[in-house]
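Source file: protein-v5.csv. Holds: CSV, C-alpha atoms.
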```csv
chain,number,residue,atom,x,y,z
A,1156,MET,CA,34.1,56.9,296.2
A,1157,THR,CA,32.5,58.5,293.1
A,1158,GLN,CA,33.2,57.0,289.7
A,1159,THR,CA,33.6,60.4,288.0
A,1160,GLU,CA,36.8,62.2,288.4
A,1161,LYS,CA,35.8,65.1,290.6
A,1162,GLN,CA,38.2,68.1,290.9
A,1163,LEU,CA,39.2,68.3,294.5
A,1164,THR,CA,39.9,71.5,296.4
A,1165,GLU,CA,43.0,71.6,298.6
A,1166,LYS,CA,41.0,71.2,301.8
A,1167,GLU,CA,39.1,68.2,300.3
A,1168,SER,CA,42.3,66.6,299.3
A,1169,LEU,CA,43.8,66.8,302.8
A,1170,ASP,CA,40.5,65.6,304.3
A,1171,LEU,CA,40.5,62.6,301.9
A,1172,ILE,CA,44.1,61.8,302.8
A,1173,ALA,CA,43.3,61.8,306.5
A,1174,MET,CA,40.2,59.7,306.0
A,1175,MET,CA,42.0,57.0,304.0
A,1176,ILE,CA,44.9,56.9,306.5
A,1177,ASN,CA,42.4,56.4,309.3
A,1178,LYS,CA,40.5,53.7,307.3
A,1179,ALA,CA,43.8,51.8,306.7
A,1180,LYS,CA,44.6,52.1,310.5
A,1181,ASP,CA,41.2,50.7,311.4
A,1182,THR,CA,41.8,47.4,309.4
A,1183,CYS,CA,45.0,46.5,311.2
A,1184,HIS,CA,43.3,44.4,314.0
A,1185,ASP,CA,44.7,41.2,315.5
A,1186,THR,CA,42.1,38.5,315.9
A,1187,GLY,CA,43.4,37.8,319.5
A,1188,ILE,CA,42.8,34.1,319.1
A,1189,ALA,CA,46.4,33.1,319.7
A,1190,ALA,CA,46.6,35.3,322.8
A,1191,ILE,CA,43.4,33.7,324.2
A,1192,MET,CA,44.7,30.2,323.5
A,1193,TRP,CA,48.2,30.7,325.0
A,1194,GLY,CA,46.8,32.6,328.0
A,1195,ALA,CA,44.4,29.7,328.7
A,1196,VAL,CA,47.0,26.9,328.0
A,1197,ILE,CA,49.6,28.4,330.4
A,1198,ALA,CA,47.0,29.1,333.1
A,1199,ILE,CA,45.6,25.5,332.8
A,1200,CYS,CA,49.1,24.0,332.9
A,1201,SER,CA,50.1,26.0,336.0
A,1202,LEU,CA,46.8,25.3,337.9
A,1203,VAL,CA,46.9,21.6,337.0
A,1204,ARG,CA,50.5,21.3,338.3
A,1205,LEU,CA,49.5,23.3,341.4
A,1206,SER,CA,46.6,20.8,342.0
A,1207,GLU,CA,49.1,17.9,341.5
A,1208,ILE,CA,51.4,19.3,344.2
A,1209,HIS,CA,48.6,20.4,346.6
A,1210,VAL,CA,46.3,17.3,346.4
A,1211,GLY,CA,49.2,14.9,345.9
A,1212,TYR,CA,48.2,13.1,342.8
A,1213,LYS,CA,50.1,12.7,339.5
A,1214,LEU,CA,48.7,12.7,336.0
A,1215,PRO,CA,50.0,9.9,333.7
A,1216,PHE,CA,51.6,12.6,331.5
A,1217,ASP,CA,53.4,15.9,332.0
A,1218,ILE,CA,50.7,18.6,331.8
A,1219,TYR,CA,53.2,21.0,330.2
A,1220,LEU,CA,53.2,18.7,327.1
A,1221,LEU,CA,50.0,20.7,326.4
A,1222,THR,CA,52.2,23.6,325.4
A,1223,PHE,CA,53.8,21.5,322.7
A,1224,ALA,CA,50.4,20.4,321.5
A,1225,ALA,CA,49.2,24.0,321.3
A,1226,VAL,CA,51.9,24.8,318.7
A,1227,ILE,CA,49.7,22.9,316.1
A,1228,PRO,CA,46.6,25.1,316.4
A,1229,GLN,CA,49.0,28.1,316.6
A,1230,ILE,CA,50.5,27.3,313.2
A,1231,TYR,CA,46.9,26.8,311.8
A,1232,PHE,CA,45.7,30.2,313.2
A,1233,SER,CA,48.9,32.0,311.9
A,1234,VAL,CA,48.5,30.6,308.4
A,1235,LYS,CA,44.7,31.3,308.4
A,1236,GLU,CA,45.2,34.9,309.6
A,1237,LYS,CA,47.9,35.5,307.1
A,1238,LYS,CA,45.6,34.3,304.3
A,1239,GLU,CA,42.8,36.5,305.5
A,1240,ARG,CA,45.0,39.6,305.9
A,1241,LYS,CA,44.3,41.7,302.9
A,1242,ALA,CA,46.8,44.4,303.8
A,1243,LYS,CA,50.1,44.1,305.5
A,1244,ALA,CA,51.0,46.9,308.0
A,1245,TYR,CA,54.6,48.0,308.6
A,1246,GLY,CA,54.6,46.6,312.1
A,1247,ASP,CA,53.2,43.1,311.1
A,1248,VAL,CA,56.5,41.7,310.1
A,1249,PHE,CA,58.2,42.9,313.3
A,1250,PHE,CA,55.5,41.6,315.6
A,1251,ASP,CA,55.3,38.2,313.8
A,1252,ASN,CA,59.1,37.8,314.1
A,1253,MET,CA,59.2,38.9,317.7
A,1254,TRP,CA,56.6,36.4,318.8
A,1255,MET,CA,58.2,33.7,316.8
A,1256,ALA,CA,61.6,34.5,318.5
A,1257,PHE,CA,59.8,34.4,321.8
A,1258,GLY,CA,58.4,31.0,321.1
A,1259,ILE,CA,61.9,29.7,320.2
A,1260,CYS,CA,63.3,31.3,323.4
A,1261,ILE,CA,60.7,29.5,325.5
A,1262,PHE,CA,61.5,26.1,324.1
A,1263,LEU,CA,65.2,26.8,324.6
A,1264,MET,CA,64.5,27.9,328.1
A,1265,ILE,CA,62.6,24.6,328.8
A,1266,PHE,CA,65.7,22.7,327.5
A,1267,ILE,CA,68.2,24.8,329.5
A,1268,THR,CA,66.2,24.6,332.8
A,1269,GLY,CA,65.6,20.9,332.3
A,1270,SER,CA,69.3,20.3,331.8
A,1271,ILE,CA,70.3,22.3,334.9
A,1272,TYR,CA,67.7,20.5,336.9
A,1273,SER,CA,68.8,17.1,335.8
A,1274,GLY,CA,72.4,18.1,336.5
A,1275,LEU,CA,71.7,19.3,340.0
A,1276,LYS,CA,69.3,16.5,341.0
A,1277,PRO,CA,72.0,13.9,341.9
A,1278,MET,CA,73.9,16.5,344.0
A,1279,THR,CA,70.8,17.5,346.0
A,1280,GLU,CA,69.9,13.8,346.5
A,1281,GLU,CA,73.5,13.1,347.6
A,1282,TYR,CA,73.3,16.1,350.0
A,1283,GLN,CA,70.1,14.7,351.5
A,1284,LYS,CA,71.6,11.2,351.9
A,1285,LEU,CA,74.7,12.5,353.6
A,1286,THR,CA,73.2,15.2,355.9
A,1287,GLY,CA,69.7,13.8,356.4
A,1288,HIS,CA,68.4,17.3,355.5
A,1289,SER,CA,66.7,18.6,352.4
A,1290,ALA,CA,69.1,20.6,350.2
A,1291,PRO,CA,68.9,24.3,350.9
A,1292,PHE,CA,68.7,25.1,347.2
A,1293,HIS,CA,66.2,23.7,344.8
A,1294,PHE,CA,66.6,24.9,341.2
A,1295,TYR,CA,62.9,24.2,340.3
A,1296,GLU,CA,61.8,26.9,342.7
A,1297,PHE,CA,63.2,29.5,340.4
A,1298,ASN,CA,61.8,28.0,337.2
A,1299,SER,CA,58.8,30.4,337.1
A,1300,SER,CA,61.0,33.4,337.5
A,1301,PHE,CA,62.9,32.6,334.3
A,1302,PHE,CA,59.7,32.0,332.3
A,1303,LEU,CA,57.9,35.1,333.6
A,1304,LEU,CA,60.9,37.1,332.7
A,1305,LEU,CA,60.5,35.9,329.1
A,1306,TYR,CA,56.7,36.3,329.1
A,1307,GLY,CA,57.0,39.9,330.0
A,1308,LEU,CA,59.3,40.9,327.1
A,1309,PRO,CA,57.1,40.5,323.9
A,1310,THR,CA,54.0,41.3,325.9
A,1311,PHE,CA,55.3,44.7,327.1
A,1312,VAL,CA,56.9,45.6,323.7
A,1313,THR,CA,53.6,44.7,321.9
A,1314,GLY,CA,51.6,46.7,324.5
A,1315,VAL,CA,53.8,49.8,324.2
A,1316,SER,CA,54.2,49.7,320.4
A,1317,MET,CA,50.5,49.1,319.7
A,1318,LYS,CA,49.5,51.5,322.4
A,1319,PHE,CA,47.4,48.6,323.8
A,1320,LYS,CA,47.3,49.2,327.6
A,1321,PRO,CA,46.0,45.7,328.7
A,1322,MET,CA,49.1,44.1,327.2
A,1323,LEU,CA,51.4,46.8,328.5
A,1324,TRP,CA,50.1,46.3,332.1
A,1325,GLY,CA,50.1,42.5,331.5
A,1326,GLY,CA,53.8,42.6,330.5
A,1327,LEU,CA,54.6,44.7,333.6
A,1328,LEU,CA,52.7,42.2,335.8
A,1329,CYS,CA,54.8,39.4,334.4
A,1330,TRP,CA,58.0,41.2,335.5
A,1331,VAL,CA,56.6,42.0,338.9
A,1332,CYS,CA,55.6,38.4,339.4
A,1333,CYS,CA,59.1,37.4,338.1
A,1334,ILE,CA,60.7,39.2,341.0
A,1335,VAL,CA,58.1,38.0,343.5
A,1336,THR,CA,58.5,34.3,342.5
A,1337,ILE,CA,62.2,34.4,343.5
A,1338,TYR,CA,61.0,34.7,347.1
A,1339,THR,CA,57.9,32.5,347.1
A,1340,THR,CA,57.2,28.8,347.2
A,1341,VAL,CA,56.5,26.7,344.1
A,1342,LYS,CA,52.7,26.7,344.8
A,1343,ILE,CA,52.6,30.6,344.9
A,1344,ASP,CA,54.8,30.6,341.8
A,1345,LEU,CA,52.3,28.6,339.9
A,1346,ILE,CA,49.4,30.8,341.0
A,1347,LEU,CA,51.3,33.9,340.0
A,1348,THR,CA,52.2,32.3,336.6
A,1349,ALA,CA,48.6,31.5,336.0
A,1350,LEU,CA,47.6,35.0,337.0
A,1351,SER,CA,50.2,36.5,334.7
A,1352,SER,CA,49.2,34.5,331.7
A,1353,ILE,CA,45.5,35.4,332.3
A,1354,PHE,CA,46.3,39.2,332.6
A,1355,ALA,CA,49.0,39.3,330.0
A,1356,TRP,CA,47.4,37.3,327.2
A,1357,PHE,CA,43.9,35.8,328.0
A,1358,ILE,CA,42.1,39.1,328.9
A,1359,PRO,CA,44.0,41.2,326.3
A,1360,GLY,CA,43.2,38.5,323.7
A,1361,LEU,CA,39.5,38.7,324.6
A,1362,ILE,CA,39.6,42.5,324.2
A,1363,MET,CA,41.4,42.2,320.8
A,1364,GLU,CA,38.9,39.6,319.6
A,1365,LYS,CA,36.0,41.9,320.6
A,1366,ASP,CA,37.6,44.8,318.7
A,1367,TYR,CA,38.3,42.6,315.7
A,1368,ARG,CA,34.6,41.5,315.6
A,1369,LYS,CA,33.5,45.1,315.9
A,1370,ALA,CA,35.8,46.3,313.1
A,1371,LYS,CA,34.7,43.4,310.9
A,1372,LYS,CA,31.0,44.2,311.5
A,1373,GLY,CA,31.7,47.9,310.8
A,1374,LEU,CA,33.4,47.0,307.5
A,1375,ALA,CA,30.5,44.7,306.5
A,1376,ALA,CA,28.0,47.4,307.3
A,1377,ALA,CA,30.0,50.0,305.3
A,1378,ASN,CA,30.0,47.7,302.2
A,1379,VAL,CA,26.3,47.1,302.3
B,1043,MET,CA,55.3,81.0,294.6
B,1044,PHE,CA,52.8,78.1,294.5
B,1045,LYS,CA,53.9,74.9,292.9
B,1046,ASP,CA,51.5,73.1,290.6
B,1047,LEU,CA,49.8,70.1,292.3
B,1048,ASP,CA,50.9,66.7,290.8
B,1049,PRO,CA,48.1,65.9,288.3
B,1050,ILE,CA,48.6,62.2,288.8
B,1051,LEU,CA,47.8,62.6,292.5
B,1052,HIS,CA,45.3,65.4,292.3
B,1053,SER,CA,42.4,63.0,291.5
B,1054,GLN,CA,40.0,61.6,294.0
B,1055,LEU,CA,40.4,57.9,293.5
B,1056,ARG,CA,44.2,57.9,292.8
B,1057,LEU,CA,44.8,60.1,295.9
B,1058,ALA,CA,42.6,57.7,298.0
B,1059,VAL,CA,44.7,54.7,296.7
B,1060,MET,CA,48.0,56.5,297.5
B,1061,SER,CA,46.8,57.5,300.9
B,1062,LEU,CA,45.9,53.9,301.7
B,1063,LEU,CA,49.2,52.5,300.4
B,1064,ILE,CA,51.3,55.0,302.3
B,1065,SER,CA,49.8,53.7,305.5
B,1066,VAL,CA,50.5,50.0,304.9
B,1067,LYS,CA,53.4,47.9,303.6
B,1068,GLU,CA,51.3,46.4,300.9
B,1069,ALA,CA,47.7,45.8,300.1
B,1070,GLU,CA,45.6,43.5,298.0
B,1071,PHE,CA,43.4,44.9,295.2
B,1072,THR,CA,40.2,43.8,297.1
B,1073,PHE,CA,41.3,45.7,300.2
B,1074,ILE,CA,41.8,48.9,298.2
B,1075,ARG,CA,38.4,48.3,296.5
B,1076,GLU,CA,36.7,47.8,299.9
B,1077,LYS,CA,38.2,50.9,301.4
B,1078,THR,CA,37.6,53.2,298.4
B,1079,ASN,CA,34.2,51.8,297.4
B,1080,ALA,CA,35.3,52.1,293.8
B,1081,THR,CA,34.3,49.7,291.1
B,1082,ALA,CA,36.8,47.1,290.0
B,1083,GLY,CA,37.0,48.5,286.5
B,1084,ASN,CA,37.6,52.1,287.5
B,1085,LEU,CA,40.1,51.1,290.2
B,1086,SER,CA,42.1,49.0,287.7
B,1087,VAL,CA,42.4,52.0,285.4
B,1088,GLN,CA,43.6,54.3,288.2
B,1089,ILE,CA,46.0,51.7,289.5
B,1090,GLN,CA,47.4,51.3,286.0
B,1091,LYS,CA,48.0,55.1,285.8
B,1092,LEU,CA,49.8,55.1,289.2
B,1093,LYS,CA,51.9,52.2,288.1
B,1094,GLU,CA,52.8,53.9,284.8
B,1095,ALA,CA,53.9,57.0,286.8
B,1096,GLY,CA,56.2,54.7,288.8
B,1097,TYR,CA,54.3,55.6,292.1
B,1098,ILE,CA,53.2,52.0,292.9
B,1099,ASP,CA,54.4,48.5,292.2
B,1100,VAL,CA,51.7,45.9,291.2
B,1101,THR,CA,52.4,42.2,291.6
B,1102,LYS,CA,50.1,39.6,290.2
B,1103,GLN,CA,50.2,36.3,292.1
B,1104,PHE,CA,48.0,33.2,292.6
B,1105,ARG,CA,46.5,32.1,295.9
B,1106,ASP,CA,44.5,28.8,296.0
B,1107,ASN,CA,44.2,29.0,292.2
B,1108,TYR,CA,42.7,32.5,292.3
B,1109,PRO,CA,44.5,35.6,290.9
B,1110,LEU,CA,45.7,38.0,293.6
B,1111,THR,CA,46.9,41.5,292.8
B,1112,VAL,CA,49.1,43.1,295.4
B,1113,CYS,CA,50.0,46.8,295.4
B,1114,LYS,CA,52.8,48.5,297.1
B,1115,ILE,CA,53.9,52.2,297.1
B,1116,THR,CA,57.4,52.8,295.6
B,1117,LYS,CA,60.1,55.3,296.9
B,1118,GLN,CA,59.2,57.5,294.0
B,1119,GLY,CA,55.5,57.3,295.1
B,1120,ILE,CA,56.4,58.2,298.7
B,1121,LYS,CA,58.4,61.2,297.5
B,1122,ALA,CA,55.6,62.4,295.2
B,1123,PHE,CA,53.0,62.0,297.9
B,1124,GLU,CA,55.1,63.9,300.4
B,1125,GLU,CA,55.6,66.7,297.9
B,1126,TYR,CA,51.9,66.8,297.1
B,1127,VAL,CA,51.0,67.1,300.8
B,1128,ALA,CA,53.6,69.8,301.3
B,1129,ASN,CA,52.2,71.7,298.4
B,1130,LEU,CA,48.7,71.4,299.6
B,1131,GLN,CA,49.7,72.7,303.0
B,1132,SER,CA,51.5,75.7,301.5
B,1133,TYR,CA,48.3,76.4,299.5
B,1134,LEU,CA,46.2,76.3,302.6
B,1135,GLY,CA,48.6,78.2,304.7
B,1136,LYS,CA,49.0,81.1,302.3
B,1137,GLY,CA,45.6,81.0,300.6
```

Would you kindly transcribe this structure into C-alpha cells?
Amino acid sequence: MTQTEKQLTEKESLDLIAMMINKAKDTCHDTGIAAIMWGAVIAICSLVRLSEIHVGYKLPFDIYLLTFAAVIPQIYFSVKEKKERKAKAYGDVFFDNMWMAFGICIFLMIFITGSIYSGLKPMTEEYQKLTGHSAPFHFYEFNSSFFLLLYGLPTFVTGVSMKFKPMLWGGLLCWVCCIVTIYTTVKIDLILTALSSIFAWFIPGLIMEKDYRKAKKGLAAANV
Amino acid sequence: MFKDLDPILHSQLRLAVMSLLISVKEAEFTFIREKTNATAGNLSVQIQKLKEAGYIDVTKQFRDNYPLTVCKITKQGIKAFEEYVANLQSYLGKG
C-alpha cells in the first residue's frame, strides 16, 4: 500500500475492497495438526484393539487410554494456535465451541456405554451359565456405531460450512460406517472405525496442513 | 442524484483497513500491517482517524509482556461501509 494518500476512482475502490476481502479470507487457515493427531490416535487405538482380539494377546493397559493422553497435546496445540492467530474469523468461535462440545460428548459417551456394558455384563454371564449358550445380545458390538454417529456430526458440519470436501465426505463416511457396524462383527467394526478416522480427520488434516504451509509461504514471500 | 462518497472511507489505506475488518471478527495491528503493507506510523494515524469517526474499536492489551493492539469494526462502521459500497455501485452503474 502506498504511503501517500492517493485519490481513488470508484472502480479502484471496489477493486481494493475485493482484494482486501480475499486477502483476509486467505489467512483463515487451520493448521490441521489436531485433525492429523486425532485421526492417527483413533486409528491406532482401533487397530491395536483389533490385533488384541485377532491375535489373542492383551496389553497391560487399555489402549483407549491413549485418547485421554491425547487431550494434553490437544490443549497445547489449541493454545499455541490461538496465540499465533492474528485475526479471528466469524466462524472461528463457532468451530472452536462445536469441536469442544464434540469432545465433551465423546467422553460422556464413553461413560454412558461403559455404564450400560457393566450393567448388562452380569445378566449375559447369568444367561450363559443357565442356558450354556452365549447371550444373543452383546452391547459392546454396538459401541462403534454410537461413536461413529458422533464422529460424523462435527466433521460433516465443518466440511459443509468451510466448503472443505474431504471433511464433508469423511463425515458422510462416518455415518455410512455407523449404519454398517450395526450389522457387522466387532473386528469389522474396528476396521471401519480406523478407516473412518483416517478419511474423516487424518487425510483432511494432512490437506489442511499442506494448505496452511502454502499460505504461510505465500505470506512470507509477499512480505519480502 | 449521486451521494457524496464518505471522505473517511474514500482513502486508499483506510478503505483497505475497513475492507479487512469487515471480513473478520477482529484483527491484530500486525495482521493489518502485513495485509496492507503499510508502515506502522502511517497505519497508526489512519486507524486513529477511523476510531475517531466511530468506525472501529481499538483495544490495547498485553500478551507475554508485549503490547497488543486489536481492532474491530463497529456497527456504525459496518453501516458506513455498506453505504459507501452502495454509493460506489450507483456511481459505476449510472456513470

Q) Could you pull the residues within 7 Å of stretch 1183-1193 of chain A, counting all atoms listed in the file, minus those fewer than 2 positions along the same chain, as a ChimeraX atom specification? A) /A:1180-1181,1195-1197,1229,1244,1356-1357,1360-1361,1363-1364,1367

(Q) Using all atoms listed in the file and a cut-off of 6 Å, which residues of chain B sit close to chain A? Please list them as a ChimeraX atom specification. (A) /B:1061-1062,1065-1070,1073,1078-1080,1130

Can I get the selected residues back with C-alpha atoms, as a PDB file, in the frame of the given file?
```
ATOM      1  CA  SER B1061      46.800  57.500 300.900  1.00  0.00           C
ATOM      2  CA  LEU B1062      45.900  53.900 301.700  1.00  0.00           C
ATOM      3  CA  SER B1065      49.800  53.700 305.500  1.00  0.00           C
ATOM      4  CA  VAL B1066      50.500  50.000 304.900  1.00  0.00           C
ATOM      5  CA  LYS B1067      53.400  47.900 303.600  1.00  0.00           C
ATOM      6  CA  GLU B1068      51.300  46.400 300.900  1.00  0.00           C
ATOM      7  CA  ALA B1069      47.700  45.800 300.100  1.00  0.00           C
ATOM      8  CA  GLU B1070      45.600  43.500 298.000  1.00  0.00           C
ATOM      9  CA  PHE B1073      41.300  45.700 300.200  1.00  0.00           C
ATOM     10  CA  THR B1078      37.600  53.200 298.400  1.00  0.00           C
ATOM     11  CA  ASN B1079      34.200  51.800 297.400  1.00  0.00           C
ATOM     12  CA  ALA B1080      35.300  52.100 293.800  1.00  0.00           C
ATOM     13  CA  LEU B1130      48.700  71.400 299.600  1.00  0.00           C
TER      14      LEU B1130
END
```

Q: Have a look at B:Leu1110, B:Leu1134, B:Ile1089, B:Ile1120 and name the one nearest to B:Arg1056; count only C-alpha atoms.
A: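 Between B:Leu1110, B:Leu1134, B:Ile1089, B:Ile1120, the residue approaching B:Arg1056 most closely is B:Ile1089.
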
Q: Fewer than 5 positions away in the same chain doesn't count, so skip those; otherwise give me all residues within 9 Å of A:Lys1342, counting only C-alpha atoms, as a PyMOL selection string.
A: chain A and resi 1204-1206+1208-1209+1347

Q) For B:Leu1051, which of B:Asn1129, B:Asn1107, B:Thr1101, B:Thr1081 is the closest residue, counting all atoms listed in the file? A) B:Asn1129

Q | atom CA of A:Ser1352 to atom CA of A:Trp1330, straight-line distance in Å | A | 11.7 Å

Q: One decimal, Å: what's the distance from atom CA of A:Pro1228 over to atom CA of A:Pro1359, could you say?
A: 19.1 Å

Q: Would you mind listing what lies within 8 Å of stretch 1303-1313 of chain A as a ChimeraX atom specification, with all atoms listed in the file counted and same-chain residues fewer than 5 positions away left out?
A: /A:1250,1253-1254,1257,1260-1261,1318-1319,1322-1330,1332-1333,1348,1351,1355-1356

(Q) Need to verify the contact set: stretch 1274-1278 of chain A, 9 Å, all atoms listed in the file, exclusion of same-chain residues closer than 5 positions in sequence. Can you return it as a list in words? (A)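 Using all atoms listed in the file, the neighbours found are Gly1269, Gln1283, Ala1290, His1293 and Phe1294 of chain A.
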